[in-house]
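Novice: Just coords.txt, nothing more (compact mmCIF, C-alpha atoms):
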# COMPACT_ATOMS: atom_id res chain seq x y z
CA MET A 1473 104.20 132.12 160.78
CA LYS A 1474 101.75 130.15 158.67
CA ARG A 1475 98.43 129.22 160.21
CA SER A 1476 96.26 126.18 159.71
CA ALA A 1477 92.84 125.27 161.11
CA GLY A 1478 90.97 122.02 161.24
CA ILE A 1479 88.20 119.91 162.66
CA LEU A 1480 88.63 116.71 164.63
CA PRO A 1481 85.39 114.71 164.52
CA TYR A 1482 84.90 112.16 167.27
CA LYS A 1483 82.30 109.68 168.46
CA PHE A 1484 81.93 107.00 171.11
CA GLU A 1485 81.55 103.43 169.93
CA ASP A 1486 81.28 100.46 172.30
CA GLY A 1487 82.68 102.69 175.05
CA TYR A 1488 85.75 103.74 173.04
CA LEU A 1489 86.61 107.24 171.90
CA MET A 1490 86.91 107.16 168.11
CA VAL A 1491 88.48 109.95 166.03
CA TYR A 1492 88.27 110.60 162.32
CA LEU A 1493 91.59 111.02 160.51
CA GLU A 1494 92.55 111.31 156.86
CA HIS A 1495 95.31 109.87 154.73
CA PRO A 1496 97.01 112.41 152.44
CA GLY A 1497 96.70 111.81 148.73
CA GLY A 1498 99.30 111.99 146.02
CA PRO A 1499 102.29 109.86 145.16
CA PHE A 1500 104.49 110.91 148.09
CA TRP A 1501 102.10 109.39 150.66
CA GLU A 1502 101.21 106.25 148.72
CA GLY A 1503 101.88 103.17 150.84
CA LYS A 1504 102.67 105.18 153.98
CA ASP A 1505 100.58 104.62 157.09
CA SER A 1506 100.56 108.31 158.09
CA TRP A 1507 97.32 110.07 158.99
CA SER A 1508 96.26 113.63 159.75
CA ILE A 1509 93.59 115.77 161.29
CA CYS A 1510 91.48 117.36 158.55
CA LYS A 1511 92.98 120.85 158.30
CA GLY A 1512 94.39 123.45 155.96
CA GLU A 1513 96.07 126.82 155.72
CA TYR A 1514 94.34 130.17 155.92
CA THR A 1515 95.35 133.81 155.91
CA THR A 1516 92.46 136.26 156.33
CA GLU A 1517 89.57 134.06 157.51
CA LYS A 1518 88.76 133.35 161.12
CA ALA A 1519 90.19 129.99 162.19
CA ILE A 1520 86.76 128.46 162.72
CA ASP A 1521 85.60 129.47 159.22
CA ALA A 1522 88.78 128.09 157.66
CA ALA A 1523 88.30 124.83 159.57
CA LEU A 1524 84.74 124.47 158.26
CA ARG A 1525 85.85 125.22 154.70
CA GLU A 1526 88.76 122.78 154.81
CA PHE A 1527 86.62 120.04 156.35
CA ASN A 1528 84.06 120.36 153.57
CA GLU A 1529 86.73 120.52 150.83
CA GLU A 1530 88.58 117.45 152.11
CA THR A 1531 85.59 115.27 153.04
CA SER A 1532 82.52 116.66 151.22
CA PHE A 1533 80.78 116.48 154.62
CA THR A 1534 79.43 119.45 156.54
CA VAL A 1535 79.13 120.09 160.25
CA CYS A 1536 77.34 122.94 162.02
CA LYS A 1537 79.50 125.77 163.26
CA LYS A 1538 77.46 125.95 166.47
CA ASP A 1539 78.41 122.33 167.27
CA LEU A 1540 82.15 123.01 167.20
CA PHE A 1541 84.25 123.60 170.29
CA PHE A 1542 87.85 124.75 170.60
CA ILE A 1543 90.26 121.89 171.35
CA GLY A 1544 93.46 123.89 171.19
CA SER A 1545 96.32 125.29 169.16
CA LYS A 1546 99.74 123.77 168.69
CA LYS A 1547 102.85 125.06 166.95
CA MET A 1548 104.13 122.27 164.73
CA GLU A 1549 107.91 122.21 164.94
CA SER A 1550 108.39 120.44 161.61
CA SER A 1551 106.48 123.05 159.58
CA ASN A 1552 106.69 126.10 161.88
CA LYS A 1553 102.92 126.34 161.48
CA LEU A 1554 100.36 127.19 164.16
CA VAL A 1555 97.52 124.64 163.95
CA THR A 1556 94.17 125.46 165.58
CA VAL A 1557 91.72 122.58 165.93
CA PHE A 1558 88.02 122.40 166.78
CA GLY A 1559 86.18 119.29 167.86
CA VAL A 1560 82.73 118.02 166.99
CA GLU A 1561 80.87 114.95 168.11
CA THR A 1562 79.34 113.43 165.00
CA ASP A 1563 79.05 110.23 163.02
CA PHE A 1564 79.25 109.62 159.30
CA ASP A 1565 80.28 106.88 156.92
CA ALA A 1566 84.00 107.57 156.38
CA SER A 1567 83.99 105.44 153.21
CA LYS A 1568 81.82 108.12 151.56
CA MET A 1569 84.35 110.92 151.96
CA LYS A 1570 85.28 112.71 148.76
CA SER A 1571 88.20 115.11 148.70
CA ASN A 1572 89.10 118.02 146.50
CA THR A 1573 92.08 117.50 144.18
CA PHE A 1574 95.40 119.11 143.31
CA LYS A 1575 97.62 119.00 140.25
CA LYS A 1576 101.26 117.96 140.35
CA GLU A 1577 103.94 117.11 137.85
CA TRP A 1578 104.42 113.36 138.22
CA PRO A 1579 106.79 111.69 137.78
CA PRO A 1580 109.11 114.60 138.65
CA MET A 1581 110.65 116.42 135.66
CA SER A 1582 108.45 114.39 133.25
CA GLY A 1583 106.32 117.30 132.08
CA ILE A 1584 103.24 115.18 132.86
CA ILE A 1585 100.68 116.93 135.04
CA GLN A 1586 98.46 114.58 137.01
CA GLU A 1587 95.55 115.22 139.33
CA PHE A 1588 95.43 113.66 142.81
CA PRO A 1589 92.96 113.81 145.70
CA GLU A 1590 94.22 116.01 148.53
CA MET A 1591 93.12 113.25 150.91
CA ASP A 1592 92.62 109.76 149.54
CA GLU A 1593 90.95 108.06 152.50
CA GLY A 1594 89.18 108.86 155.74
CA ARG A 1595 88.87 106.43 158.62
CA TRP A 1596 87.65 106.19 162.21
CA PHE A 1597 90.31 105.06 164.70
CA LYS A 1598 90.24 104.28 168.39
CA VAL A 1599 92.06 107.27 169.86
CA ASP A 1600 94.95 105.18 171.19
CA GLU A 1601 95.57 103.64 167.76
CA ALA A 1602 95.32 107.11 166.21
CA MET A 1603 98.12 108.29 168.51
CA SER A 1604 100.54 105.95 166.74
CA LYS A 1605 99.36 106.77 163.20
CA ILE A 1606 98.94 110.53 163.28
CA PHE A 1607 101.63 112.94 162.04
CA LYS A 1608 104.24 113.84 164.62
CA GLY A 1609 103.07 116.74 166.76
CA GLN A 1610 99.38 116.18 166.10
CA GLU A 1611 99.18 113.53 168.82
CA LYS A 1612 99.21 116.44 171.28
CA ILE A 1613 95.89 117.61 169.79
CA LEU A 1614 94.46 114.12 170.34
CA GLN A 1615 95.62 114.28 173.95
CA LYS A 1616 93.95 117.68 174.38
CA LEU A 1617 90.69 116.15 173.09
CA LYS A 1618 91.01 113.26 175.56
CA ASP A 1619 91.64 115.75 178.37
CA LYS A 1620 88.65 117.92 177.41
CA LEU A 1621 86.39 114.87 177.32
CA SER A 1622 87.93 113.44 180.52
CA TYR A 1623 88.55 110.23 178.59
CA ASN A 1624 91.18 107.98 180.11
CA LYS A 1625 90.35 104.51 178.93
Turn the structure described in the file into structure tokens.
Specialist:
Amino acid sequence: MKRSAGILPYKFEDGYLMVYLEHPGGPFWEGKDSWSICKGEYTTEKAIDAALREFNEETSFTVCKKDLFFIGSKKMESSNKLVTVFGVETDFDASKMKSNTFKKEWPPMSGIIQEFPEMDEGRWFKVDEAMSKIFKGQEKILQKLKDKLSYNK
């Protein structure tokens, strides 16, 4: 089974729990209102180290390892991947995120290789709005965060 690890930043604003999610880059996701926890695959690293690496690669931001706490793990049915997520209370300007890139032949079978950001936008959402925008299965991670923080607004 493949494994993935990520970080779910959160903050409180005007009494609301806000979570930071990212929109995947590339032509497949263009125009789709689908968002994800910042995460990525790993093989030999510890989950927490992979989460820190992925967060930095996809946002250009850093967080301190000592500030992270375990939210939970969830097997994603669609990808058969075990996703482990850590939380961190922090605040940053999401408009300043800068993601790493990947190369893909686009349009398909054209022979043209283009470069795309892995994540093309980051945004803070009220947690209840995030529940309706996040990839299927990941909403359970948001619920685990709400439970850990005893947030039920």
Novice: Could you name the residues that touch A:Lys1546 at 7 Å or less, counting all atoms listed in the file, but leaving out those on the same chain fewer than 2 positions away, as a ChimeraX atom specification?
Specialist: /A:1544,1548,1554-1556
Novice: With distances taken over only C-alpha atoms, which of A:Glu1502, A:Lys1570, A:Phe1597, A:Gly1559 is nearest to A:Lys1616?
Specialist: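 Between A:Glu1502, A:Lys1570, A:Phe1597, A:Gly1559, the residue approaching A:Lys1616 most closely is A:Gly1559.
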Novice: Find the residues near A:Lys1576: any atom within 10 Å, counting only C-alpha atoms, skip ones fewer than 6 places away on the same chain, and give them as an NGL selection string.
Specialist: :A and (1498-1499 or 1583-1588)
Novice: Which is closest to A:Asp1521 among A:Asp1505, A:Gly1487, A:Phe1558, A:Glu1549, if we use all atoms listed in the file?
Specialist: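 Ranking A:Asp1505, A:Gly1487, A:Phe1558, A:Glu1549 by distance to A:Asp1521, first place goes to A:Phe1558.
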Novice: Write out as CSV the residues of stretch 1583-1607 of chain A that have any atom within 9 Å of an atom of stretch 1561-1567 of chain A, one row each with the nearest atom pair and its distance in Å to one decimal, counting only C-alpha atoms, sorted by chain and then rising number.
Specialist:
residue,atom,partner,partner_atom,distance
A:Glu1593,CA,A:Ser1567,CA,7.5
A:Gly1594,CA,A:Ala1566,CA,5.4
A:Arg1595,CA,A:Ala1566,CA,5.5
A:Trp1596,CA,A:Ala1566,CA,7.0
Novice: Rank A:Glu1494, A:Lys1483, A:Trp1501, A:Ala1477 by their smallest atom-to-atom distance to A:Glu1526, using all atoms listed in the file, and report the top residue only.
Specialist: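 Closest to A:Glu1526, using all atoms listed in the file: A:Ala1477.
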